[in-house]
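Here is the file protein_36.pdb (PDB, C-alpha atoms).
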ATOM      1  CA  MET A   1      19.139  -9.664  20.035
ATOM      2  CA  PRO A   2      22.316  -8.214  18.518
ATOM      3  CA  THR A   3      22.080  -6.834  14.987
ATOM      4  CA  SER A   4      22.805 -10.357  13.797
ATOM      5  CA  LEU A   5      23.195 -13.739  15.458
ATOM      6  CA  THR A   6      24.688 -17.004  14.216
ATOM      7  CA  VAL A   7      22.551 -20.128  14.551
ATOM      8  CA  GLU A   8      24.239 -22.794  16.677
ATOM      9  CA  ARG A   9      21.924 -25.746  15.977
ATOM     10  CA  PRO A  10      19.156 -26.577  13.497
ATOM     11  CA  GLU A  11      15.693 -25.334  14.512
ATOM     12  CA  GLU A  12      12.717 -23.390  13.150
ATOM     13  CA  LEU A  13      12.865 -19.611  12.898
ATOM     14  CA  LEU A  14      10.011 -18.598  15.235
ATOM     15  CA  PRO A  15      11.206 -20.610  18.285
ATOM     16  CA  PHE A  16      14.709 -19.261  17.633
ATOM     17  CA  LEU A  17      13.431 -15.670  17.761
ATOM     18  CA  PHE A  18      11.370 -16.354  20.888
ATOM     19  CA  ALA A  19      14.431 -17.806  22.651
ATOM     20  CA  CYS A  20      16.727 -14.937  21.620
ATOM     21  CA  ARG A  21      14.328 -12.183  22.684
ATOM     22  CA  PRO A  22      12.297 -13.483  25.645
ATOM     23  CA  GLU A  23      11.679  -9.886  26.814
ATOM     24  CA  VAL A  24       9.812  -9.020  23.589
ATOM     25  CA  LYS A  25       6.114  -9.872  23.348
ATOM     26  CA  ARG A  26       5.481 -12.818  21.068
ATOM     27  CA  THR A  27       2.937 -10.807  19.061
ATOM     28  CA  LYS A  28       5.696  -8.286  18.320
ATOM     29  CA  VAL A  29       8.024 -11.049  17.108
ATOM     30  CA  ARG A  30       5.279 -12.319  14.810
ATOM     31  CA  GLN A  31       4.862  -8.778  13.438
ATOM     32  CA  TRP A  32       8.573  -8.684  12.643
ATOM     33  CA  LEU A  33       8.111 -11.788  10.539
ATOM     34  CA  LYS A  34       4.831 -10.679   8.938
ATOM     35  CA  HIS A  35       6.272  -7.368   7.786
ATOM     36  CA  GLY A  36       9.557  -8.717   6.453
ATOM     37  CA  ALA A  37      11.798  -7.277   9.169
ATOM     38  CA  VAL A  38      13.601 -10.598   9.764
ATOM     39  CA  GLN A  39      16.401 -11.696   7.455
ATOM     40  CA  VAL A  40      18.167 -15.041   7.233
ATOM     41  CA  ASN A  41      21.536 -14.807   5.493
ATOM     42  CA  GLY A  42      20.514 -11.396   4.124
ATOM     43  CA  GLN A  43      17.150 -12.461   2.682
ATOM     44  CA  SER A  44      13.773 -11.431   4.157
ATOM     45  CA  VAL A  45      11.848 -14.413   5.542
ATOM     46  CA  THR A  46       8.202 -14.413   6.667
ATOM     47  CA  ARG A  47       7.502 -18.115   7.300
ATOM     48  CA  THR A  48       7.395 -18.929  11.022
ATOM     49  CA  ASN A  49       8.585 -22.486  10.370
ATOM     50  CA  HIS A  50      11.504 -21.527   8.127
ATOM     51  CA  PRO A  51      14.217 -24.133   8.872
ATOM     52  CA  LEU A  52      17.463 -22.726  10.230
ATOM     53  CA  GLN A  53      20.747 -24.536   9.792
ATOM     54  CA  THR A  54      23.923 -24.332  11.847
ATOM     55  CA  GLY A  55      25.869 -21.276  10.716
ATOM     56  CA  ASP A  56      22.884 -19.297   9.383
ATOM     57  CA  VAL A  57      22.905 -15.597  10.291
ATOM     58  CA  VAL A  58      19.605 -14.135  11.521
ATOM     59  CA  SER A  59      19.031 -10.383  11.833
ATOM     60  CA  VAL A  60      16.091  -8.164  12.707
ATOM     61  CA  GLY A  61      15.526  -4.776  11.120
ATOM     62  CA  GLY A  62      18.087  -5.242   8.353
ATOM     63  CA  GLY A  63      15.583  -4.152   5.740
ATOM     64  CA  GLU A  64      15.313  -0.722   7.381
ATOM     65  CA  VAL A  65      19.108  -0.419   7.522
ATOM     66  CA  ARG A  66      19.519  -1.261   3.848
ATOM     67  CA  SER A  67      16.844   1.236   2.803
ATOM     68  CA  ALA A  68      18.522   4.172   4.558
ATOM     69  CA  GLY A  69      19.162   6.944   2.035
ATOM     70  CA  LEU A  70      17.443   5.060  -0.796
ATOM     71  CA  LEU A  71      13.818   5.864   0.037
ATOM     72  CA  PRO A  72      12.240   9.302   0.451
ATOM     73  CA  PRO A  73      10.721  10.495   3.741
ATOM     74  CA  GLY A  74       7.438   8.765   4.470
ATOM     75  CA  MET A  75       7.997   5.839   2.097
ATOM     76  CA  LYS A  76       8.346   2.556   3.991
ATOM     77  CA  VAL A  77       8.913  -1.049   2.962
ATOM     78  CA  LEU A  78       6.465  -3.143   4.987
ATOM     79  CA  PHE A  79       7.182  -6.506   3.397
ATOM     80  CA  GLU A  80       9.696  -7.928   0.947
ATOM     81  CA  ASP A  81      10.509 -11.387  -0.356
ATOM     82  CA  ALA A  82      11.737 -12.834  -3.638
ATOM     83  CA  SER A  83       8.418 -12.146  -5.411
ATOM     84  CA  LEU A  84       7.028  -8.849  -4.185
ATOM     85  CA  ILE A  85       7.408  -5.692  -2.125
ATOM     86  CA  VAL A  86       4.629  -3.973  -0.182
ATOM     87  CA  ILE A  87       5.173  -0.312   0.660
ATOM     88  CA  GLU A  88       3.490   2.672   2.246
ATOM     89  CA  LYS A  89       3.564   5.506  -0.280
ATOM     90  CA  PRO A  90       3.478   9.059   1.075
ATOM     91  CA  GLN A  91       1.124  11.594  -0.442
ATOM     92  CA  ASN A  92       2.495  13.853  -3.186
ATOM     93  CA  LEU A  93       4.612  11.092  -4.744
ATOM     94  CA  LEU A  94       3.902   9.651  -8.180
ATOM     95  CA  SER A  95       3.552   5.882  -8.456
ATOM     96  CA  MET A  96       5.372   5.853 -11.787
ATOM     97  CA  ALA A  97       6.910   8.265 -14.258
ATOM     98  CA  SER A  98       4.872  10.904 -16.044
ATOM     99  CA  ALA A  99       5.666  13.194 -18.950
ATOM    100  CA  THR A 100       6.968  15.818 -16.517
ATOM    101  CA  GLU A 101       8.543  13.672 -13.772
ATOM    102  CA  ARG A 102      10.674  10.555 -14.250
ATOM    103  CA  GLU A 103      12.951  10.413 -11.212
ATOM    104  CA  LYS A 104      10.891  11.207  -8.102
ATOM    105  CA  THR A 105       8.476   8.269  -8.260
ATOM    106  CA  ALA A 106       7.764   5.247  -6.068
ATOM    107  CA  TYR A 107       8.896   3.027  -8.954
ATOM    108  CA  ALA A 108      12.247   4.822  -9.345
ATOM    109  CA  PHE A 109      12.958   4.848  -5.603
ATOM    110  CA  LEU A 110      12.129   1.148  -5.270
ATOM    111  CA  THR A 111      14.315   0.317  -8.252
ATOM    112  CA  ALA A 112      17.229   2.019  -6.487
ATOM    113  CA  TYR A 113      16.275   0.184  -3.283
ATOM    114  CA  VAL A 114      16.376  -3.326  -4.792
ATOM    115  CA  ARG A 115      19.633  -2.440  -6.561
ATOM    116  CA  ARG A 116      21.030  -1.220  -3.230
ATOM    117  CA  GLY A 117      22.114   1.950  -4.986
ATOM    118  CA  LYS A 118      24.169   0.119  -7.636
ATOM    119  CA  ARG A 119      23.053   1.516 -10.998
ATOM    120  CA  GLN A 120      24.410  -1.418 -13.021
ATOM    121  CA  SER A 121      22.532  -4.031 -10.984
ATOM    122  CA  PRO A 122      20.033  -6.109 -13.020
ATOM    123  CA  GLN A 123      17.532  -6.089 -10.145
ATOM    124  CA  ARG A 124      14.249  -4.302 -10.838
ATOM    125  CA  VAL A 125      10.592  -4.067  -9.845
ATOM    126  CA  TRP A 126       7.362  -4.275 -11.844
ATOM    127  CA  ILE A 127       4.318  -2.057 -11.327
ATOM    128  CA  VAL A 128       1.192  -3.991 -10.331
ATOM    129  CA  HIS A 129      -1.224  -1.096  -9.738
ATOM    130  CA  ARG A 130      -1.171   2.655  -9.134
ATOM    131  CA  LEU A 131      -2.173   5.239  -6.578
ATOM    132  CA  ASP A 132      -2.769   8.863  -7.496
ATOM    133  CA  ARG A 133       0.093  11.204  -6.646
ATOM    134  CA  GLU A 134      -2.067  12.844  -3.971
ATOM    135  CA  THR A 135      -3.160   9.545  -2.337
ATOM    136  CA  SER A 136      -1.098   7.926   0.418
ATOM    137  CA  GLY A 137      -1.055   4.313   1.563
ATOM    138  CA  LEU A 138      -0.413   0.721   0.576
ATOM    139  CA  MET A 139       1.036  -0.339  -2.766
ATOM    140  CA  VAL A 140       2.320  -3.665  -4.118
ATOM    141  CA  PHE A 141       5.210  -4.001  -6.554
ATOM    142  CA  ALA A 142       6.382  -7.284  -8.073
ATOM    143  CA  LYS A 143      10.023  -8.383  -8.124
ATOM    144  CA  THR A 144       9.531 -10.813 -11.018
ATOM    145  CA  GLU A 145       7.541 -10.550 -14.221
ATOM    146  CA  ALA A 146       5.702 -13.781 -13.372
ATOM    147  CA  ALA A 147       4.562 -12.315 -10.035
ATOM    148  CA  LYS A 148       3.399  -9.171 -11.804
ATOM    149  CA  HIS A 149       1.219 -11.105 -14.253
ATOM    150  CA  ALA A 150      -0.194 -13.343 -11.496
ATOM    151  CA  LEU A 151      -1.110 -10.392  -9.287
ATOM    152  CA  GLN A 152      -2.632  -8.369 -12.107
ATOM    153  CA  ALA A 153      -4.668 -11.329 -13.356
ATOM    154  CA  ASP A 154      -6.443 -11.528  -9.992
ATOM    155  CA  TRP A 155      -6.341  -7.836  -9.065
ATOM    156  CA  ASP A 156     -10.110  -7.346  -9.371
ATOM    157  CA  ASP A 157     -10.516  -9.983  -6.630
ATOM    158  CA  VAL A 158      -8.105  -8.278  -4.221
ATOM    159  CA  ASP A 159      -9.790  -6.761  -1.159
ATOM    160  CA  LYS A 160      -8.815  -3.079  -1.372
ATOM    161  CA  ARG A 161     -10.062  -0.681   1.288
ATOM    162  CA  TYR A 162      -9.541   3.062   1.511
ATOM    163  CA  LEU A 163     -10.162   5.695   4.166
ATOM    164  CA  ALA A 164     -11.408   9.110   3.080
ATOM    165  CA  VAL A 165     -12.077  12.307   5.002
ATOM    166  CA  VAL A 166     -14.908  14.044   3.158
ATOM    167  CA  GLU A 167     -16.801  17.310   3.382
ATOM    168  CA  GLY A 168     -20.303  17.031   4.774
ATOM    169  CA  LYS A 169     -21.823  13.569   4.861
ATOM    170  CA  PRO A 170     -23.026  10.872   2.441
ATOM    171  CA  PRO A 171     -26.751  10.156   1.985
ATOM    172  CA  ALA A 172     -26.716   7.168   4.394
ATOM    173  CA  ASP A 173     -24.452   5.415   6.920
ATOM    174  CA  GLN A 174     -23.544   2.865   4.264
ATOM    175  CA  GLY A 175     -24.322   2.331   0.640
ATOM    176  CA  VAL A 176     -23.146   1.721  -2.899
ATOM    177  CA  LEU A 177     -22.111   4.402  -5.393
ATOM    178  CA  THR A 178     -22.237   3.500  -9.078
ATOM    179  CA  SER A 179     -21.887   5.249 -12.407
ATOM    180  CA  HIS A 180     -20.393   4.913 -15.854
ATOM    181  CA  LEU A 181     -17.078   6.769 -15.955
ATOM    182  CA  ASP A 182     -15.578   8.487 -18.951
ATOM    183  CA  GLU A 183     -11.823   8.011 -18.516
ATOM    184  CA  ASN A 184     -10.792   9.193 -21.947
ATOM    185  CA  GLY A 185      -9.825  12.724 -20.977
ATOM    186  CA  PRO A 186      -6.197  13.104 -19.886
ATOM    187  CA  PHE A 187      -6.962  15.425 -16.968
ATOM    188  CA  LYS A 188     -10.297  14.537 -15.415
ATOM    189  CA  VAL A 189     -12.600  11.522 -15.104
ATOM    190  CA  PHE A 190     -16.351  12.122 -14.873
ATOM    191  CA  SER A 191     -19.638  10.236 -14.721
ATOM    192  CA  ALA A 192     -21.461  10.097 -18.038
ATOM    193  CA  PRO A 193     -24.305   8.242 -19.765
ATOM    194  CA  ARG A 194     -23.337   4.699 -20.718
ATOM    195  CA  SER A 195     -21.533   4.503 -24.056
ATOM    196  CA  ASP A 196     -18.630   2.727 -25.719
ATOM    197  CA  ARG A 197     -16.395   5.402 -24.130
ATOM    198  CA  THR A 198     -17.417   4.680 -20.529
ATOM    199  CA  ARG A 199     -16.632   1.979 -17.961
ATOM    200  CA  TYR A 200     -18.958   0.884 -15.165
ATOM    201  CA  ALA A 201     -17.653   1.646 -11.647
ATOM    202  CA  VAL A 202     -18.848   0.433  -8.232
ATOM    203  CA  THR A 203     -17.739   1.854  -4.866
ATOM    204  CA  ARG A 204     -19.098   0.666  -1.509
ATOM    205  CA  TYR A 205     -18.857   2.994   1.487
ATOM    206  CA  ARG A 206     -19.395   2.878   5.239
ATOM    207  CA  VAL A 207     -19.386   5.772   7.719
ATOM    208  CA  ILE A 208     -16.689   5.338  10.380
ATOM    209  CA  LYS A 209     -16.932   8.674  12.198
ATOM    210  CA  ARG A 210     -18.914  11.885  11.891
ATOM    211  CA  LYS A 211     -18.014  15.454  12.808
ATOM    212  CA  ALA A 212     -20.021  18.617  12.209
ATOM    213  CA  ALA A 213     -18.373  19.478   8.916
ATOM    214  CA  ARG A 214     -16.508  16.279   7.995
ATOM    215  CA  THR A 215     -16.995  12.508   7.844
ATOM    216  CA  LEU A 216     -14.544   9.599   7.833
ATOM    217  CA  LEU A 217     -15.528   6.889   5.361
ATOM    218  CA  GLU A 218     -14.251   3.383   4.649
ATOM    219  CA  LEU A 219     -14.488   2.562   0.954
ATOM    220  CA  THR A 220     -14.268  -0.784  -0.811
ATOM    221  CA  LEU A 221     -13.676  -0.969  -4.545
ATOM    222  CA  GLU A 222     -15.526  -3.510  -6.657
ATOM    223  CA  THR A 223     -13.954  -2.034  -9.786
ATOM    224  CA  GLY A 224     -10.609  -0.354 -10.258
ATOM    225  CA  ARG A 225     -11.340   2.667 -12.430
ATOM    226  CA  ARG A 226      -9.141   5.733 -12.496
ATOM    227  CA  ASN A 227     -10.209   8.314  -9.881
ATOM    228  CA  GLN A 228     -13.462   6.414  -9.218
ATOM    229  CA  ILE A 229     -13.556   7.137  -5.467
ATOM    230  CA  ARG A 230     -12.964  10.836  -6.042
ATOM    231  CA  VAL A 231     -15.633  11.064  -8.746
ATOM    232  CA  HIS A 232     -18.232   9.036  -6.856
ATOM    233  CA  LEU A 233     -17.858  11.034  -3.646
ATOM    234  CA  ALA A 234     -18.080  14.326  -5.535
ATOM    235  CA  ASP A 235     -21.212  13.026  -7.283
ATOM    236  CA  ALA A 236     -22.670  12.213  -3.820
ATOM    237  CA  ASP A 237     -22.053  15.830  -2.749
ATOM    238  CA  CYS A 238     -19.418  14.846  -0.186
ATOM    239  CA  PRO A 239     -16.107  15.427  -2.002
ATOM    240  CA  ILE A 240     -12.816  14.453  -0.398
ATOM    241  CA  ILE A 241     -11.150  17.311   1.482
ATOM    242  CA  GLY A 242      -8.349  18.944  -0.463
ATOM    243  CA  ASP A 243      -9.688  17.621  -3.778
ATOM    244  CA  GLN A 244     -10.205  20.863  -5.655
ATOM    245  CA  LYS A 245     -10.139  18.929  -8.920
ATOM    246  CA  TYR A 246     -13.341  17.184  -7.847
ATOM    247  CA  GLU A 247     -15.297  20.043  -6.246
ATOM    248  CA  SER A 248     -13.823  20.169  -2.734
ATOM    249  CA  ARG A 249     -14.242  23.569  -1.070
ATOM    250  CA  THR A 250     -11.861  23.048   1.886
ATOM    251  CA  ASN A 251      -8.278  21.883   2.396
ATOM    252  CA  PRO A 252      -7.683  21.728   6.182
ATOM    253  CA  ALA A 253      -4.821  19.201   5.985
ATOM    254  CA  ARG A 254      -3.153  20.790   2.944
ATOM    255  CA  ARG A 255      -3.414  17.456   1.158
ATOM    256  CA  LEU A 256      -5.952  15.088  -0.377
ATOM    257  CA  GLY A 257      -7.863  13.255   2.351
ATOM    258  CA  LEU A 258      -7.591   9.794   0.761
ATOM    259  CA  HIS A 259      -5.517   6.881   2.106
ATOM    260  CA  ALA A 260      -5.137   3.286   0.842
ATOM    261  CA  ALA A 261      -5.550   1.562   4.203
ATOM    262  CA  SER A 262      -5.916  -2.189   3.597
ATOM    263  CA  LEU A 263      -4.853  -4.864   1.119
ATOM    264  CA  ASN A 264      -5.757  -8.543   1.295
ATOM    265  CA  PHE A 265      -4.548 -10.863  -1.479
ATOM    266  CA  ILE A 266      -3.090 -14.277  -2.270
ATOM    267  CA  HIS A 267       0.692 -14.442  -2.554
ATOM    268  CA  PRO A 268       1.495 -15.227  -6.218
ATOM    269  CA  SER A 269       4.211 -17.756  -5.375
ATOM    270  CA  THR A 270       3.354 -19.329  -2.017
ATOM    271  CA  GLY A 271      -0.447 -19.155  -2.087
ATOM    272  CA  ASP A 272      -0.421 -17.626   1.409
ATOM    273  CA  GLN A 273      -3.068 -15.084   2.403
ATOM    274  CA  MET A 274      -1.363 -11.693   2.683
ATOM    275  CA  GLU A 275      -2.986  -8.986   4.818
ATOM    276  CA  PHE A 276      -1.669  -5.456   5.277
ATOM    277  CA  GLU A 277      -3.101  -2.503   7.192
ATOM    278  CA  SER A 278      -1.987   1.122   7.211
ATOM    279  CA  PRO A 279      -3.537   3.554   9.734
ATOM    280  CA  LEU A 280      -4.955   6.924   8.760
ATOM    281  CA  PRO A 281      -2.053   9.424   8.681
ATOM    282  CA  GLN A 282      -1.901  11.820  11.601
ATOM    283  CA  ASP A 283      -2.458  14.908   9.457
ATOM    284  CA  LEU A 284      -5.857  13.472   8.536
ATOM    285  CA  ALA A 285      -6.678  11.762  11.851
ATOM    286  CA  ARG A 286      -6.317  15.029  13.779
ATOM    287  CA  LEU A 287      -9.223  16.494  11.788
ATOM    288  CA  LEU A 288     -11.591  13.961  13.349
TER     289      LEU A 288
END
Can I see the file as structure tokens?
Amino acid sequence: MPTSLTVERPEELLPFLFACRPEVKRTKVRQWLKHGAVQVNGQSVTRTNHPLQTGDVVSVGGGEVRSAGLLPPGMKVLFEDASLIVIEKPQNLLSMASATEREKTAYAFLTAYVRRGKRQSPQRVWIVHRLDRETSGLMVFAKTEAAKHALQADWDDVDKRYLAVVEGKPPADQGVLTSHLDENGPFKVFSAPRSDRTRYAVTRYRVIKRKAARTLLELTLETGRRNQIRVHLADADCPIIGDQKYESRTNPARRLGLHAASLNFIHPSTGDQMEFESPLPQDLARLL
């Protein structure tokens, strides 16, 4: 397909794409739609049955073109519509501003992205959740305040899965890690006896792969406490590689070995089931 193509007769979007690119596997075309790479008249569309009208302009990959120069290396927009944006955040990038850094954040870069570099544009994004600076992987931002509130109201029910490369091995092939976390300190979270200062945290884990000195774990959060994965794995005597803050002794990838790999949630506007996967980055995968 050319960069853009004008629709000559009314039809649904998916058959139109199939007809225009018969040499491309149909699963690939569906991935274009799922990840927001198809635009109709400049707007990302993900519905396979989106009705096209005569004169509509359909393009593939326009989102990547528009983001050129507005996003830092490693940060990718996987999905975008009128309500939300799903990205892959690289490691060593803040989710939002801190006391010492206000410009180089996922929030600031995405704000520039939705404004297409025009500082006076009223377009903006809203933060739904955070990832630690050192953690890579999937994040969701809202494009309307209503979407933000809807997503945050149900965030505890969102299926969030992480991959972690840890030192040593956990006590069993699968299990549940729990503790009461004291989050009141500005620098470090830690497990503590239950009190009015602590919050209960639950992390489920499953061994994916074992090596002599390292293990790959899949982790599912039942609670969303600050640093809970890092604390729980350190408590289990298998800290995440590169996590000196939480007792790691090695740093073979020169980064924290934690990656937000999967998100599964209900779209706040359409009610559709949204599923996103992000593979383990190569600098971590090569260790296994």
**Residues matched by the PyMOL selection byres ((chain A and resi 13) around 8) as a PyMOL selection string** = chain A and resi 11-12+14-17+47-52
**Request:** Place a sphere of radius 10 Å on (8.0, -8.6, 5.6) in the file coordinates and name every protein, DNA or RNA residue with an atom inside or on its surface, counting only C-alpha atoms; give the answer as a VMD selection string.
**Result:** chain A and resid 31 to 39 44 to 47 63 77 to 81 84 to 86
**Complete:** Expressed in Å, the length from atom CA of Arg116 of chain A to atom CA of Lys143 of chain A is 14.0 Å
**Request:** Name all residues at most 9 Å from segment 102-109 of chain A (count only C-alpha atoms; drop same-chain ones fewer than 6 positions away) and give them as a ChimeraX atom specification.
**Result:** /A:70-72,75,89,93-96,125-127,141
**Item:** Residue with smallest distance to Pro122 of chain A - pool A:Thr144, A:Leu216, A:Leu151, A:Lys209, counting only C-alpha atoms
**Value:**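 The closest residue to Pro122 of chain A is A:Thr144.
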**Item:** Shell around Thr198 of chain A at 6 Å using only C-alpha atoms, local window under 2 positions removed, as an MDAnalysis selection string
**Value:** chainID A and resid 180:182 194:196
**Prompt:** So what do you get for atom CA of Ala192 of chain A versus atom CA of Arg226 of chain A, distance-wise?
**Reply:**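 It comes out at 14.2 Å.
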**Complete:** Between atom CA of Gly168 of chain A and atom CA of Lys245 of chain A lies a distance of 17.2 Å
**Message:** Suppose a student applies the PyMOL selection byres ((chain A and resi 214) around 12) to this structure; what residues should they get, written as a VMD selection string?
**Reply:** chain A and resid 164 to 170 207 to 213 215 to 217 238 to 241 248 to 252 257 284 to 288
**Request:** Give the answer as one residue: which of A:Lys28, A:Arg119, A:Lys148, A:Arg230 has the shortest atom-to-atom distance to Pro268 of chain A, using only C-alpha atoms?
**Result:**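 Smallest distance to Pro268 of chain A is found for A:Lys148.
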**Option closest in space to Thr111 of chain A, from A:Ala236, A:Arg124, A:Asp56, A:Ala19 [counting all atoms listed in the file]** = A:Arg124
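Contact shell of segment 157-162 of chain A at 9 Å (all atoms listed in the file; same-chain neighbours under 6 positions omitted): A:Gly137, A:Leu151, A:Leu217, A:Glu218, A:Leu219, A:Thr220, A:Leu221, A:Glu222, A:Leu258, A:His259, A:Ala260, A:Ala261, A:Ser262, A:Leu263, A:Asn264, A:Phe265, A:Ile266.
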**Prompt:** Can you list, as number ranges by chain, every protein, DNA or RNA residue that comes within 9 Å of Arg9 of chain A when you count all atoms listed in the file, leaving out same-chain residues fewer than 3 positions away?
**Reply:** A: 52-55
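Ranking A:Leu280, A:Ala234, A:Tyr205, A:His267 by their shortest atom-to-atom distance to Asp154 of chain A, with only C-alpha atoms included, puts A:His267 first.
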**Prompt:** Which residue out of A:Thr6, A:Gln123, A:Ser83, A:Gln282 has the minimum interatomic distance to Val57 of chain A when all atoms listed in the file are used?
**Reply:**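 Ranked by minimum distance to Val57 of chain A, first place goes to A:Thr6.
Distance check against Pro186 of chain A using all atoms listed in the file: of A:Asp173, A:Pro279, A:Asn227, A:Tyr113, the minimum falls on A:Asn227.
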